[in-house]
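Undergrad: So I've got this file, data_3.cif, and it contains mmCIF, C-alpha atoms and all ligand atoms:
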data_my_file
#
loop_
_atom_site.label_atom_id
_atom_site.label_comp_id
_atom_site.auth_asym_id
_atom_site.auth_seq_id
_atom_site.Cartn_x
_atom_site.Cartn_y
_atom_site.Cartn_z
CA MET V 1376 -39.48 -25.85 52.24
CA THR V 1377 -38.38 -28.94 50.34
CA GLU V 1378 -34.85 -29.07 48.97
CA THR V 1379 -34.30 -29.31 45.20
CA PRO V 1380 -33.26 -32.89 44.44
CA LYS V 1381 -29.62 -33.22 43.42
CA HIS V 1382 -29.83 -35.30 40.28
CA VAL V 1383 -26.76 -37.08 38.94
CA LEU V 1384 -27.00 -38.40 35.39
CA VAL V 1385 -25.60 -41.93 35.45
CA SER V 1386 -24.95 -43.37 32.00
CA GLY V 1387 -24.97 -47.15 32.15
CA GLY V 1388 -26.87 -47.05 35.44
CA ALA V 1389 -28.54 -50.38 34.63
CA GLY V 1390 -25.19 -52.14 34.33
CA TYR V 1391 -23.00 -53.84 36.88
CA ILE V 1392 -20.96 -50.94 38.23
CA GLY V 1393 -23.47 -48.22 37.31
CA SER V 1394 -26.27 -49.84 39.31
CA HIS V 1395 -24.08 -50.10 42.41
CA ALA V 1396 -23.17 -46.43 41.95
CA CYS V 1397 -26.88 -45.54 41.79
CA LYS V 1398 -27.53 -47.40 45.03
CA LEU V 1399 -24.77 -45.53 46.85
CA LEU V 1400 -25.72 -42.16 45.33
CA ALA V 1401 -29.29 -42.63 46.59
CA ALA V 1402 -28.00 -43.60 50.03
CA ARG V 1403 -25.94 -40.37 50.07
CA GLY V 1404 -28.92 -38.15 49.25
CA TYR V 1405 -28.57 -37.78 45.46
CA VAL V 1406 -31.16 -38.84 42.90
CA PRO V 1407 -29.45 -41.03 40.31
CA VAL V 1408 -30.99 -40.65 36.86
CA CYS V 1409 -30.09 -43.77 34.91
CA PHE V 1410 -29.48 -43.19 31.19
CA ASP V 1411 -29.22 -46.60 29.58
CA ASN V 1412 -30.25 -48.33 26.37
CA LEU V 1413 -30.56 -51.68 28.20
CA SER V 1414 -28.39 -53.38 25.58
CA THR V 1415 -26.40 -55.10 28.31
CA GLY V 1416 -27.99 -53.63 31.44
CA TRP V 1417 -31.07 -54.78 33.35
CA LEU V 1418 -34.26 -52.89 34.07
CA GLN V 1419 -34.44 -54.83 37.36
CA ALA V 1420 -31.15 -53.22 38.40
CA VAL V 1421 -32.71 -49.74 38.19
CA LYS V 1422 -34.13 -49.41 41.70
CA TYR V 1423 -32.80 -46.19 43.08
CA GLY V 1424 -34.07 -43.45 40.76
CA PRO V 1425 -35.72 -42.82 37.39
CA ILE V 1426 -34.55 -44.29 34.10
CA VAL V 1427 -34.30 -42.60 30.73
CA GLU V 1428 -34.11 -45.33 28.14
CA GLY V 1429 -31.90 -44.01 25.39
CA SER V 1430 -28.71 -44.41 23.45
CA LEU V 1431 -25.55 -42.35 23.78
CA MET V 1432 -25.64 -42.16 19.99
CA ASP V 1433 -28.87 -40.15 20.24
CA ARG V 1434 -27.86 -36.56 21.00
CA ALA V 1435 -31.47 -35.35 21.13
CA ALA V 1436 -32.31 -37.94 23.82
CA LEU V 1437 -29.29 -36.80 25.82
CA ASP V 1438 -30.24 -33.12 25.50
CA ALA V 1439 -33.78 -33.93 26.63
CA ALA V 1440 -32.51 -35.83 29.69
CA PHE V 1441 -30.30 -32.88 30.71
CA ALA V 1442 -33.21 -30.46 30.20
CA VAL V 1443 -35.70 -32.51 32.23
CA TYR V 1444 -33.46 -33.42 35.18
CA GLN V 1445 -30.89 -30.59 35.29
CA PRO V 1446 -28.28 -32.80 36.92
CA VAL V 1447 -25.50 -31.36 39.07
CA ALA V 1448 -22.99 -33.77 37.50
CA VAL V 1449 -22.53 -36.78 35.24
CA MET V 1450 -21.17 -40.22 36.05
CA HIS V 1451 -20.34 -42.01 32.84
CA PHE V 1452 -20.22 -45.82 32.95
CA ALA V 1453 -21.94 -46.90 29.73
CA ALA V 1454 -19.44 -48.74 27.54
CA PHE V 1455 -18.58 -52.09 26.09
CA SER V 1456 -15.89 -53.62 28.28
CA GLN V 1457 -14.82 -57.05 27.09
CA VAL V 1458 -11.25 -57.47 25.92
CA GLY V 1459 -12.01 -60.58 23.84
CA GLU V 1460 -14.85 -58.87 21.98
CA ALA V 1461 -12.73 -55.75 21.46
CA MET V 1462 -10.12 -57.84 19.65
CA VAL V 1463 -12.74 -59.36 17.33
CA ASP V 1464 -14.70 -56.15 16.68
CA PRO V 1465 -12.59 -53.05 17.46
CA GLY V 1466 -14.93 -50.82 15.44
CA LYS V 1467 -17.76 -51.53 17.87
CA TYR V 1468 -15.55 -50.23 20.70
CA TRP V 1469 -14.45 -47.09 18.90
CA ARG V 1470 -17.98 -46.29 17.72
CA ASN V 1471 -19.82 -46.88 20.96
CA ASN V 1472 -17.23 -46.05 23.59
CA VAL V 1473 -15.66 -43.05 21.88
CA PHE V 1474 -18.41 -41.54 19.75
CA GLY V 1475 -21.06 -42.26 22.40
CA SER V 1476 -18.90 -40.62 25.06
CA LEU V 1477 -18.24 -37.61 22.84
CA ASN V 1478 -22.01 -37.12 22.45
CA LEU V 1479 -22.50 -37.31 26.20
CA ILE V 1480 -19.63 -34.93 26.93
CA GLU V 1481 -20.87 -32.41 24.33
CA ALA V 1482 -24.43 -32.63 25.66
CA SER V 1483 -23.14 -32.11 29.19
CA VAL V 1484 -21.14 -29.02 28.25
CA ALA V 1485 -24.07 -27.65 26.21
CA ALA V 1486 -26.31 -28.03 29.28
CA GLY V 1487 -23.76 -26.24 31.46
CA VAL V 1488 -23.01 -29.39 33.49
CA LEU V 1489 -19.26 -29.14 33.92
CA ASP V 1490 -18.56 -31.82 36.55
CA PHE V 1491 -17.93 -35.22 35.02
CA VAL V 1492 -16.86 -38.54 36.58
CA PHE V 1493 -15.53 -41.04 34.06
CA SER V 1494 -15.02 -44.75 34.31
CA SER V 1495 -11.70 -45.55 32.64
CA THR V 1496 -9.51 -48.61 32.98
CA CYS V 1497 -6.08 -49.98 33.76
CA ALA V 1498 -6.30 -51.48 30.25
CA THR V 1499 -5.16 -48.02 29.08
CA TYR V 1500 -1.71 -48.90 30.49
CA GLY V 1501 -1.27 -52.05 28.40
CA GLU V 1502 1.76 -54.33 28.74
CA GLN V 1503 4.41 -52.85 31.06
CA ASP V 1504 6.82 -55.62 32.10
CA GLY V 1505 5.53 -56.24 35.60
CA VAL V 1506 5.89 -52.68 36.92
CA LEU V 1507 3.36 -51.37 39.40
CA LEU V 1508 1.21 -48.86 37.58
CA ASP V 1509 0.54 -45.37 38.82
CA GLU V 1510 -1.29 -42.49 37.22
CA ALA V 1511 1.91 -41.22 35.58
CA SER V 1512 2.67 -44.59 33.92
CA ALA V 1513 2.68 -44.44 30.14
CA GLN V 1514 -0.62 -45.36 28.51
CA LYS V 1515 0.05 -47.99 25.85
CA PRO V 1516 -3.18 -49.95 25.40
CA ILE V 1517 -2.97 -53.29 23.60
CA ASN V 1518 -6.67 -53.68 22.78
CA ALA V 1519 -9.48 -51.49 21.46
CA TYR V 1520 -11.18 -51.47 24.85
CA GLY V 1521 -8.13 -49.75 26.37
CA SER V 1522 -7.61 -47.50 23.34
CA SER V 1523 -11.23 -46.36 23.33
CA LYS V 1524 -11.07 -45.44 27.03
CA ARG V 1525 -7.77 -43.60 26.58
CA ALA V 1526 -9.34 -41.63 23.72
CA VAL V 1527 -12.20 -40.53 25.99
CA GLU V 1528 -9.69 -39.43 28.63
CA GLU V 1529 -8.13 -37.22 25.95
CA ILE V 1530 -11.51 -35.79 24.95
CA LEU V 1531 -12.14 -34.88 28.59
CA ARG V 1532 -8.78 -33.12 28.84
CA ASP V 1533 -9.42 -31.16 25.62
CA PHE V 1534 -12.89 -30.13 26.77
CA GLY V 1535 -11.40 -29.12 30.11
CA VAL V 1536 -9.07 -26.69 28.36
CA SER V 1537 -11.67 -25.30 25.95
CA TYR V 1538 -14.87 -25.27 28.04
CA GLY V 1539 -13.83 -25.60 31.69
CA LEU V 1540 -15.21 -29.14 31.97
CA ARG V 1541 -13.77 -30.68 35.16
CA SER V 1542 -13.38 -34.41 35.32
CA VAL V 1543 -12.41 -37.12 37.73
CA ILE V 1544 -11.11 -40.07 35.75
CA PHE V 1545 -10.98 -43.43 37.51
CA ARG V 1546 -8.76 -46.12 36.04
CA TYR V 1547 -10.22 -49.32 37.41
CA PHE V 1548 -8.33 -52.48 37.95
CA ASN V 1549 -10.45 -55.69 38.08
CA VAL V 1550 -13.85 -55.10 39.60
CA ALA V 1551 -15.56 -57.97 41.43
CA GLY V 1552 -18.10 -58.76 44.14
CA ALA V 1553 -21.66 -57.60 44.54
CA ASP V 1554 -23.92 -55.54 46.77
CA PRO V 1555 -23.69 -57.31 50.17
CA ASP V 1556 -27.47 -56.73 50.62
CA GLY V 1557 -28.06 -58.99 47.60
CA GLU V 1558 -30.23 -56.42 45.77
CA ILE V 1559 -27.97 -56.13 42.71
CA GLY V 1560 -24.84 -57.76 41.31
CA GLU V 1561 -22.87 -58.68 38.21
CA CYS V 1562 -24.98 -60.21 35.45
CA HIS V 1563 -23.56 -60.43 31.95
CA ARG V 1564 -25.00 -62.74 29.31
CA PRO V 1565 -22.82 -64.44 28.32
CA GLU V 1566 -20.47 -64.02 31.27
CA THR V 1567 -16.77 -63.64 30.48
CA HIS V 1568 -15.19 -62.28 33.68
CA LEU V 1569 -13.07 -64.57 35.78
CA ILE V 1570 -14.88 -64.63 39.13
CA PRO V 1571 -18.47 -65.07 37.88
CA VAL V 1572 -17.28 -67.60 35.29
CA MET V 1573 -15.57 -69.51 38.08
CA LEU V 1574 -18.76 -69.49 40.15
CA GLU V 1575 -20.77 -70.78 37.17
CA ALA V 1576 -18.26 -73.63 36.83
CA ILE V 1577 -18.52 -74.45 40.55
CA ASP V 1578 -22.31 -74.53 40.21
CA GLY V 1579 -22.35 -76.74 37.12
CA GLN V 1580 -23.78 -73.97 34.91
CA ARG V 1581 -20.80 -74.45 32.64
CA PRO V 1582 -18.60 -77.51 32.40
CA GLU V 1583 -15.42 -75.80 33.59
CA LEU V 1584 -13.35 -72.66 33.79
CA VAL V 1585 -10.75 -72.45 31.03
CA ILE V 1586 -7.59 -70.75 32.29
CA TYR V 1587 -6.38 -68.53 29.47
CA GLY V 1588 -2.64 -69.10 29.25
CA THR V 1589 -0.17 -70.78 31.58
CA ASP V 1590 3.05 -69.56 29.96
CA TYR V 1591 3.07 -65.96 31.17
CA ASP V 1592 6.15 -64.64 32.92
CA THR V 1593 4.57 -64.86 36.40
CA PRO V 1594 5.28 -67.17 39.36
CA ASP V 1595 2.72 -69.81 38.23
CA GLY V 1596 2.45 -68.85 34.55
CA THR V 1597 -1.07 -67.33 34.76
CA CYS V 1598 -1.99 -63.65 34.46
CA ILE V 1599 -1.89 -61.35 37.46
CA ARG V 1600 -4.68 -58.89 38.22
CA ASP V 1601 -5.53 -56.49 41.06
CA TYR V 1602 -9.13 -57.04 42.23
CA VAL V 1603 -11.30 -54.36 43.82
CA HIS V 1604 -14.76 -54.74 45.34
CA VAL V 1605 -17.53 -53.03 43.41
CA MET V 1606 -18.82 -51.35 46.61
CA ASP V 1607 -15.39 -49.84 47.25
CA LEU V 1608 -15.16 -48.80 43.63
CA VAL V 1609 -18.45 -46.89 43.70
CA ASP V 1610 -17.52 -45.39 47.06
CA ALA V 1611 -14.56 -43.80 45.28
CA HIS V 1612 -16.97 -42.42 42.66
CA VAL V 1613 -19.06 -40.64 45.25
CA LEU V 1614 -15.86 -39.24 46.78
CA GLY V 1615 -14.81 -38.15 43.27
CA LEU V 1616 -18.17 -36.46 42.75
CA GLN V 1617 -17.76 -34.60 46.02
CA TRP V 1618 -14.23 -33.61 44.95
CA LEU V 1619 -15.67 -31.94 41.86
CA LEU V 1620 -18.64 -30.37 43.63
CA ASP V 1621 -16.14 -28.90 46.12
CA GLY V 1622 -14.56 -27.11 43.16
CA LYS V 1623 -11.31 -29.08 43.02
CA GLU V 1624 -9.26 -29.55 39.88
CA SER V 1625 -9.55 -32.37 37.31
CA ARG V 1626 -7.72 -35.45 38.52
CA VAL V 1627 -6.95 -39.05 37.52
CA PHE V 1628 -7.07 -41.83 40.12
CA ASN V 1629 -6.17 -45.49 39.87
CA LEU V 1630 -8.63 -47.72 41.70
CA GLY V 1631 -6.85 -50.88 42.74
CA THR V 1632 -5.54 -52.25 46.01
CA GLY V 1633 -1.92 -52.85 44.97
CA ALA V 1634 -2.20 -56.59 45.59
CA GLY V 1635 -1.84 -58.80 42.51
CA PHE V 1636 -3.24 -62.34 42.26
CA THR V 1637 -2.67 -64.94 39.56
CA VAL V 1638 -5.64 -66.73 38.03
CA LYS V 1639 -4.60 -69.88 39.90
CA GLU V 1640 -4.50 -67.98 43.20
CA VAL V 1641 -8.01 -66.65 42.57
CA ILE V 1642 -9.17 -70.23 42.02
CA GLY V 1643 -7.61 -71.19 45.38
CA HIS V 1644 -9.48 -68.36 47.10
CA ALA V 1645 -12.74 -69.40 45.43
CA ARG V 1646 -12.35 -72.89 46.76
CA ALA V 1647 -11.75 -71.54 50.26
CA ALA V 1648 -14.66 -69.06 50.09
CA THR V 1649 -17.25 -71.49 48.69
CA GLY V 1650 -15.94 -74.79 50.07
CA LYS V 1651 -16.21 -76.22 46.54
CA LYS V 1652 -13.72 -77.26 43.88
CA VAL V 1653 -13.47 -75.17 40.73
CA PRO V 1654 -13.55 -77.51 37.70
CA HIS V 1655 -10.96 -76.08 35.34
CA SER V 1656 -8.76 -76.80 32.34
CA PHE V 1657 -5.84 -75.03 30.70
CA GLY V 1658 -6.24 -73.25 27.39
CA PRO V 1659 -4.23 -70.90 25.19
CA ARG V 1660 -3.73 -67.23 25.98
CA ARG V 1661 -6.66 -64.90 25.27
CA SER V 1662 -5.55 -62.36 22.73
CA GLY V 1663 -5.38 -58.81 24.13
CA ASP V 1664 -4.57 -59.88 27.73
CA ALA V 1665 -1.67 -58.13 29.48
CA THR V 1666 0.58 -60.28 31.72
CA ALA V 1667 0.08 -58.24 34.88
CA LEU V 1668 -2.02 -55.21 35.81
CA VAL V 1669 -1.48 -54.05 39.39
CA SER V 1670 -1.90 -50.58 40.81
CA GLY V 1671 1.10 -48.99 42.48
CA SER V 1672 -0.68 -45.82 43.50
CA HIS V 1673 -1.96 -44.50 46.83
CA ARG V 1674 -3.35 -41.31 45.34
CA ALA V 1675 -7.02 -42.22 45.86
CA LEU V 1676 -6.32 -43.17 49.48
CA HIS V 1677 -4.38 -40.02 50.27
CA GLU V 1678 -6.29 -37.43 48.27
CA LEU V 1679 -9.88 -38.74 48.27
CA GLY V 1680 -9.68 -40.51 51.63
CA TRP V 1681 -10.69 -43.74 49.88
CA ASP V 1682 -10.77 -46.81 52.12
CA PRO V 1683 -11.26 -50.01 50.07
CA LYS V 1684 -12.30 -52.06 53.08
CA ARG V 1685 -14.25 -54.82 51.31
CA SER V 1686 -11.56 -55.52 48.70
CA SER V 1687 -10.19 -58.82 50.00
CA LEU V 1688 -10.58 -61.71 47.56
CA LYS V 1689 -12.44 -63.57 50.30
CA LEU V 1690 -15.16 -60.92 50.67
CA MET V 1691 -15.37 -60.27 46.93
CA ILE V 1692 -15.89 -63.95 46.17
CA GLN V 1693 -18.28 -64.43 49.10
CA ASP V 1694 -20.46 -61.50 47.97
CA ALA V 1695 -20.33 -62.67 44.34
CA TRP V 1696 -21.27 -66.19 45.47
CA THR V 1697 -24.26 -64.93 47.50
CA TRP V 1698 -25.44 -63.00 44.44
CA HIS V 1699 -24.80 -65.97 42.15
CA LYS V 1700 -27.01 -68.17 44.34
CA ILE V 1701 -29.79 -65.56 44.17
CA GLY V 1702 -29.69 -66.22 40.43
CA GLY V 1703 -28.97 -62.84 38.85
CA PHE V 1704 -31.45 -60.92 36.72
CA HIS V 1705 -33.80 -62.43 34.16
CA GLY V 1706 -35.62 -61.03 31.20
N1 LIG F 1801 -9.56 -65.44 32.68
C1 LIG F 1801 -9.44 -66.81 32.48
N2 LIG F 1801 -10.56 -67.53 32.12
C2 LIG F 1801 -11.79 -66.93 31.96
C3 LIG F 1801 -11.89 -65.54 32.17
C4 LIG F 1801 -10.76 -64.83 32.52
O1 LIG F 1801 -8.35 -67.38 32.63
O2 LIG F 1801 -12.75 -67.65 31.61
C5 LIG F 1801 -8.39 -64.65 33.06
C6 LIG F 1801 -8.01 -63.61 32.03
O3 LIG F 1801 -7.13 -64.15 31.06
C7 LIG F 1801 -7.35 -62.54 32.90
C8 LIG F 1801 -8.07 -62.66 34.23
O4 LIG F 1801 -8.68 -63.95 34.23
O5 LIG F 1801 -6.00 -62.85 33.13
C9 LIG F 1801 -9.14 -61.61 34.43
O6 LIG F 1801 -9.96 -61.57 33.25
P1 LIG F 1801 -11.35 -60.82 33.21
O7 LIG F 1801 -11.98 -61.12 31.88
O8 LIG F 1801 -12.14 -61.15 34.43
O9 LIG F 1801 -10.97 -59.28 33.33
P2 LIG F 1801 -9.98 -58.36 32.45
O10 LIG F 1801 -8.63 -58.50 33.10
O11 LIG F 1801 -10.03 -58.83 31.03
O12 LIG F 1801 -10.55 -57.00 32.62
#
Could you write out this file's structure as structure tokens?
Ligand code: UDP
TA:
Amino acid sequence: MTETPKHVLVSGGAGYIGSHACKLLAARGYVPVCFDNLSTGWLQAVKYGPIVEGSLMDRAALDAAFAVYQPVAVMHFAAFSQVGEAMVDPGKYWRNNVFGSLNLIEASVAAGVLDFVFSSTCATYGEQDGVLLDEASAQKPINAYGSSKRAVEEILRDFGVSYGLRSVIFRYFNVAGADPDGEIGECHRPETHLIPVMLEAIDGQRPELVIYGTDYDTPDGTCIRDYVHVMDLVDAHVLGLQWLLDGKESRVFNLGTGAGFTVKEVIGHARAATGKKVPHSFGPRRSGDATALVSGSHRALHELGWDPKRSSLKLMIQDAWTWHKIGGFHG
């Protein structure tokens, strides 16, 4: 007798993190059902299960996807995630990230799917004077990206109380790297994130990397971030899914390594990993950027058994560089 496939509905499964999650879910015996409107994702990144092309704004499309696939759980990645853009157009972030998530959460509850893994962010913590951030740190976002994610966390808590929805909320620090097999990787057009922008500058695809701000209160004046490998990040998601399927309570986990690096230090590591200089210049601060975002929590390690073994800057940059040389997705 064949086993019923265990579908997991993965919103944003054609995007950077979502596609890596789909790959790992498939490797662990689940069938990832990608729900994506392909506004920023790539059809070529959908390799590990079916796709439902649809928008989170379209409740009927969501209801149909739940009815057809009867997933055991949801992993929700689909969101806009650029701080700079959120400062220029906060409404876009509130509309898509909050209203879209509310639709998905309501559709999930209506379909009786009560296990929900949510991709949140350390940007919900905001500016905190250099303290290491743990899950109990106050959430004081300073941009609409962070505010929109915090709002969804609150929706999940409210729906937990009223409908028994159980959620694992992951607050990511800075995600980097790519699938070491080279099948998928980060591909934003235009690219805004530090490591891929740096690699484009090394490769001559852009004239230089502009360092946003050199007057922060950090040892070299540039912002500090905690970088985590995308493969480690999605590994935590599968552990979080298992946590819920085992019947455990709703829980929030930071996903960072606890090691902070300045922008200048990341440039130094890129030079070492690629053997090439990073052409760069110094520009003003980017509005909405916090000085330092570093995780001070071991909760994911202790409670989920998470082991972020690929999350050295060296491996993250090497894997991103391999993917960069493959050339990303086109279309
Ligand atoms: N950064 C930079 N130049 C760039 C892109 C990013 O100096 O072209 C800096 C940015 O100010 C931040 C860090 O690199 O301090 C990481 O930014 P990214 O956009 O990768 O991630 P975020 O922290 O916004 O999630």
Undergrad: For Gly1429 in chain V, which of V:Ser1625, V:Gly1635, V:Gly1388, V:His1677 is the closest residue, counting only C-alpha atoms?
TA: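 Of all the options, V:Gly1388 lies closest to Gly1429 in chain V.
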Undergrad: Write out as a compact mmCIF listing (two decimals) with C-alpha atoms, in the frame of the given file which residues come within 6 Å of range 1687-1701 of chain V when counting all atoms listed in the file, dropping same-chain ones fewer than 3 positions away.
TA:
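In the end it all went to out_34.txt:
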# COMPACT_ATOMS: atom_id res chain seq x y z
CA ALA V 1551 -15.56 -57.97 41.43
CA GLY V 1552 -18.10 -58.76 44.14
CA ALA V 1553 -21.66 -57.60 44.54
CA PRO V 1555 -23.69 -57.31 50.17
CA GLY V 1557 -28.06 -58.99 47.60
CA HIS V 1604 -14.76 -54.74 45.34
CA ALA V 1648 -14.66 -69.06 50.09
Undergrad: Please produce, as CSV, a per-residue contact table for range 1477-1496 of chain V versus range 1508-1527 of chain V (criterion: any atom at most 8 Å away, all atoms listed in the file considered), showing the nearest atom pair and its distance in Å to one decimal, sorted by chain then residue number.
TA:
residue,atom,partner,partner_atom,distance
V:Leu1477,CA,V:Val1527,CA,7.4
V:Ser1495,CA,V:Lys1524,CA,5.6
V:Thr1496,CA,V:Gly1521,CA,6.8
Undergrad: Name all residues at most 9 Å from Glu1502 in chain V (count only C-alpha atoms; drop same-chain ones fewer than 3 positions away) and give them as an NGL selection string.
TA: :V and (1498 or 1505 or 1515-1517 or 1664-1668)
Undergrad: Can you work out which one of V:Val1572, V:Met1606, V:Cys1562, V:Ala1645 has the shortest atom-to-atom distance to ligand LIG 1801 (chain F), counting all atoms listed in the file?
TA: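 Smallest separation from ligand LIG 1801 (chain F) among the options: V:Val1572.
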Undergrad: Using only C-alpha atoms, what residues lie at most 6 Å away from (-21.7, -46.5, 23.2) (file coordinates), given as a list in words?
TA: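 Within the cut-off we find Leu1431, Ala1454, Asn1471, Asn1472 and Gly1475 of chain V.
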Undergrad: V:Pro1380, V:Pro1565, V:Gly1680, V:Gly1404: which is nearest ligand LIG 1801 (chain F), counting only C-alpha atoms and all ligand atoms?
TA: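 Checking each candidate against ligand LIG 1801 (chain F), we get V:Pro1565 as the closest.
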Undergrad: Would you pick out the contacts of Leu1540 in chain V at 8 Å or less, using only C-alpha atoms, so that residues sharing its chain but fewer than 5 positions from it are not included, and give the list as a compact mmCIF listing (two decimals) with C-alpha atoms, keeping the file's coordinate frame?
TA:
# COMPACT_ATOMS: atom_id res chain seq x y z
CA VAL V 1484 -21.14 -29.02 28.25
CA VAL V 1488 -23.01 -29.39 33.49
CA LEU V 1489 -19.26 -29.14 33.92
CA ASP V 1490 -18.56 -31.82 36.55
CA PHE V 1491 -17.93 -35.22 35.02
CA LEU V 1531 -12.14 -34.88 28.59
CA PHE V 1534 -12.89 -30.13 26.77
CA GLY V 1535 -11.40 -29.12 30.11
Undergrad: Please build the interface table for chain V against ligand LIG 1801 (chain F) with a cut-off of 7 Å, listing for each qualifying residue the nearest atom pair and the distance in Å to one decimal; count all atoms listed in the file, order rows by chain and increasing number, and write it as JSON lines.
TA:
{"residue": "V:Gln1457", "atom": "CA", "partner": "F:LIG1801", "partner_atom": "O11", "distance": 6.5}
{"residue": "V:Val1458", "atom": "CA", "partner": "F:LIG1801", "partner_atom": "O11", "distance": 5.4}
{"residue": "V:Asn1549", "atom": "CA", "partner": "F:LIG1801", "partner_atom": "O12", "distance": 5.6}
{"residue": "V:Thr1567", "atom": "CA", "partner": "F:LIG1801", "partner_atom": "C3", "distance": 5.5}
{"residue": "V:His1568", "atom": "CA", "partner": "F:LIG1801", "partner_atom": "O8", "distance": 3.3}
{"residue": "V:Leu1569", "atom": "CA", "partner": "F:LIG1801", "partner_atom": "O8", "distance": 3.8}
{"residue": "V:Ile1570", "atom": "CA", "partner": "F:LIG1801", "partner_atom": "O8", "distance": 6.5}
{"residue": "V:Val1572", "atom": "CA", "partner": "F:LIG1801", "partner_atom": "O2", "distance": 5.8}
{"residue": "V:Leu1584", "atom": "CA", "partner": "F:LIG1801", "partner_atom": "O2", "distance": 5.5}
{"residue": "V:Val1585", "atom": "CA", "partner": "F:LIG1801", "partner_atom": "N2", "distance": 5.0}
{"residue": "V:Ile1586", "atom": "CA", "partner": "F:LIG1801", "partner_atom": "O1", "distance": 3.5}
{"residue": "V:Tyr1587", "atom": "CA", "partner": "F:LIG1801", "partner_atom": "O1", "distance": 3.9}
{"residue": "V:Gly1588", "atom": "CA", "partner": "F:LIG1801", "partner_atom": "O1", "distance": 6.9}
{"residue": "V:Thr1597", "atom": "CA", "partner": "F:LIG1801", "partner_atom": "O5", "distance": 6.9}
{"residue": "V:Cys1598", "atom": "CA", "partner": "F:LIG1801", "partner_atom": "O5", "distance": 4.3}
{"residue": "V:Ile1599", "atom": "CA", "partner": "F:LIG1801", "partner_atom": "O5", "distance": 6.2}
{"residue": "V:Arg1600", "atom": "CA", "partner": "F:LIG1801", "partner_atom": "C8", "distance": 6.5}
{"residue": "V:Val1638", "atom": "CA", "partner": "F:LIG1801", "partner_atom": "O4", "distance": 5.6}
{"residue": "V:Arg1660", "atom": "CA", "partner": "F:LIG1801", "partner_atom": "O3", "distance": 6.8}
{"residue": "V:Arg1661", "atom": "CA", "partner": "F:LIG1801", "partner_atom": "O3", "distance": 5.9}
{"residue": "V:Asp1664", "atom": "CA", "partner": "F:LIG1801", "partner_atom": "O3", "distance": 6.0}
Undergrad: Dump C-alpha atoms for the selected residues as a PDB file, keeping the file's coordinate frame?
TA:
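Written file, out31.pdb:
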ATOM      1  CA  GLN V1457     -14.820 -57.050  27.090  1.00  0.00           C
ATOM      2  CA  VAL V1458     -11.250 -57.470  25.920  1.00  0.00           C
ATOM      3  CA  ASN V1549     -10.450 -55.690  38.080  1.00  0.00           C
ATOM      4  CA  THR V1567     -16.770 -63.640  30.480  1.00  0.00           C
ATOM      5  CA  HIS V1568     -15.190 -62.280  33.680  1.00  0.00           C
ATOM      6  CA  LEU V1569     -13.070 -64.570  35.780  1.00  0.00           C
ATOM      7  CA  ILE V1570     -14.880 -64.630  39.130  1.00  0.00           C
ATOM      8  CA  VAL V1572     -17.280 -67.600  35.290  1.00  0.00           C
ATOM      9  CA  LEU V1584     -13.350 -72.660  33.790  1.00  0.00           C
ATOM     10  CA  VAL V1585     -10.750 -72.450  31.030  1.00  0.00           C
ATOM     11  CA  ILE V1586      -7.590 -70.750  32.290  1.00  0.00           C
ATOM     12  CA  TYR V1587      -6.380 -68.530  29.470  1.00  0.00           C
ATOM     13  CA  GLY V1588      -2.640 -69.100  29.250  1.00  0.00           C
ATOM     14  CA  THR V1597      -1.070 -67.330  34.760  1.00  0.00           C
ATOM     15  CA  CYS V1598      -1.990 -63.650  34.460  1.00  0.00           C
ATOM     16  CA  ILE V1599      -1.890 -61.350  37.460  1.00  0.00           C
ATOM     17  CA  ARG V1600      -4.680 -58.890  38.220  1.00  0.00           C
ATOM     18  CA  VAL V1638      -5.640 -66.730  38.030  1.00  0.00           C
ATOM     19  CA  ARG V1660      -3.730 -67.230  25.980  1.00  0.00           C
ATOM     20  CA  ARG V1661      -6.660 -64.900  25.270  1.00  0.00           C
ATOM     21  CA  ASP V1664      -4.570 -59.880  27.730  1.00  0.00           C
TER      22      ASP V1664
END
Undergrad: Can you work out the spacing between CA of Ser1672 in chain V and CA of Ala1389 in chain V in Å, to one decimal?
TA: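 Straight-line distance from CA of Ser1672 in chain V to CA of Ala1389 in chain V works out to 29.6 Å.
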Undergrad: Quick one: pull the distance between CA of Leu1616 in chain V and CA of Phe1545 in chain V, Å, one decimal.
TA: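 CA of Phe1545 in chain V lies 11.3 Å from CA of Leu1616 in chain V.
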Undergrad: Step by step: start from the point (-22.8, -42.5, 33.3) in the file's coordinates, keep every protein, DNA or RNA residue that has an atom no farther than 12 Å from it, count all atoms listed in the file, and write the set as a VMD selection string.
TA: chain V and resid 1383 to 1397 1407 to 1412 1426 to 1427 1430 to 1431 1437 1446 1448 to 1454 1472 1475 to 1476 1479 to 1480 1483 1490 to 1495 1612
Undergrad: Which of these, V:Arg1470, V:Arg1685, V:Arg1532, V:Lys1398, has the shortest distance to Val1603 in chain V once you count all atoms listed in the file?
TA: V:Arg1685
Undergrad: When you draw a straight line from CA of Glu1558 in chain V to CA of Gly1702 in chain V, how long is it in Å?
TA: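 According to the coordinates, CA of Glu1558 in chain V and CA of Gly1702 in chain V are separated by 11.2 Å.
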Undergrad: Nearest residue to Glu1561 in chain V out of V:Val1447, V:Ala1486, V:Ser1542, V:Val1605, using all atoms listed in the file?
TA: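 Under the stated criterion, the closest residue is V:Val1605.
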Undergrad: Looking at all atoms listed in the file, which of V:Ile1642, V:His1655, V:Thr1632, V:Gly1416 is the one that sits closest to Leu1676 in chain V?
TA: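 Checking each of V:Ile1642, V:His1655, V:Thr1632, V:Gly1416 against Leu1676 in chain V, counting all atoms listed in the file, the winner is V:Thr1632.
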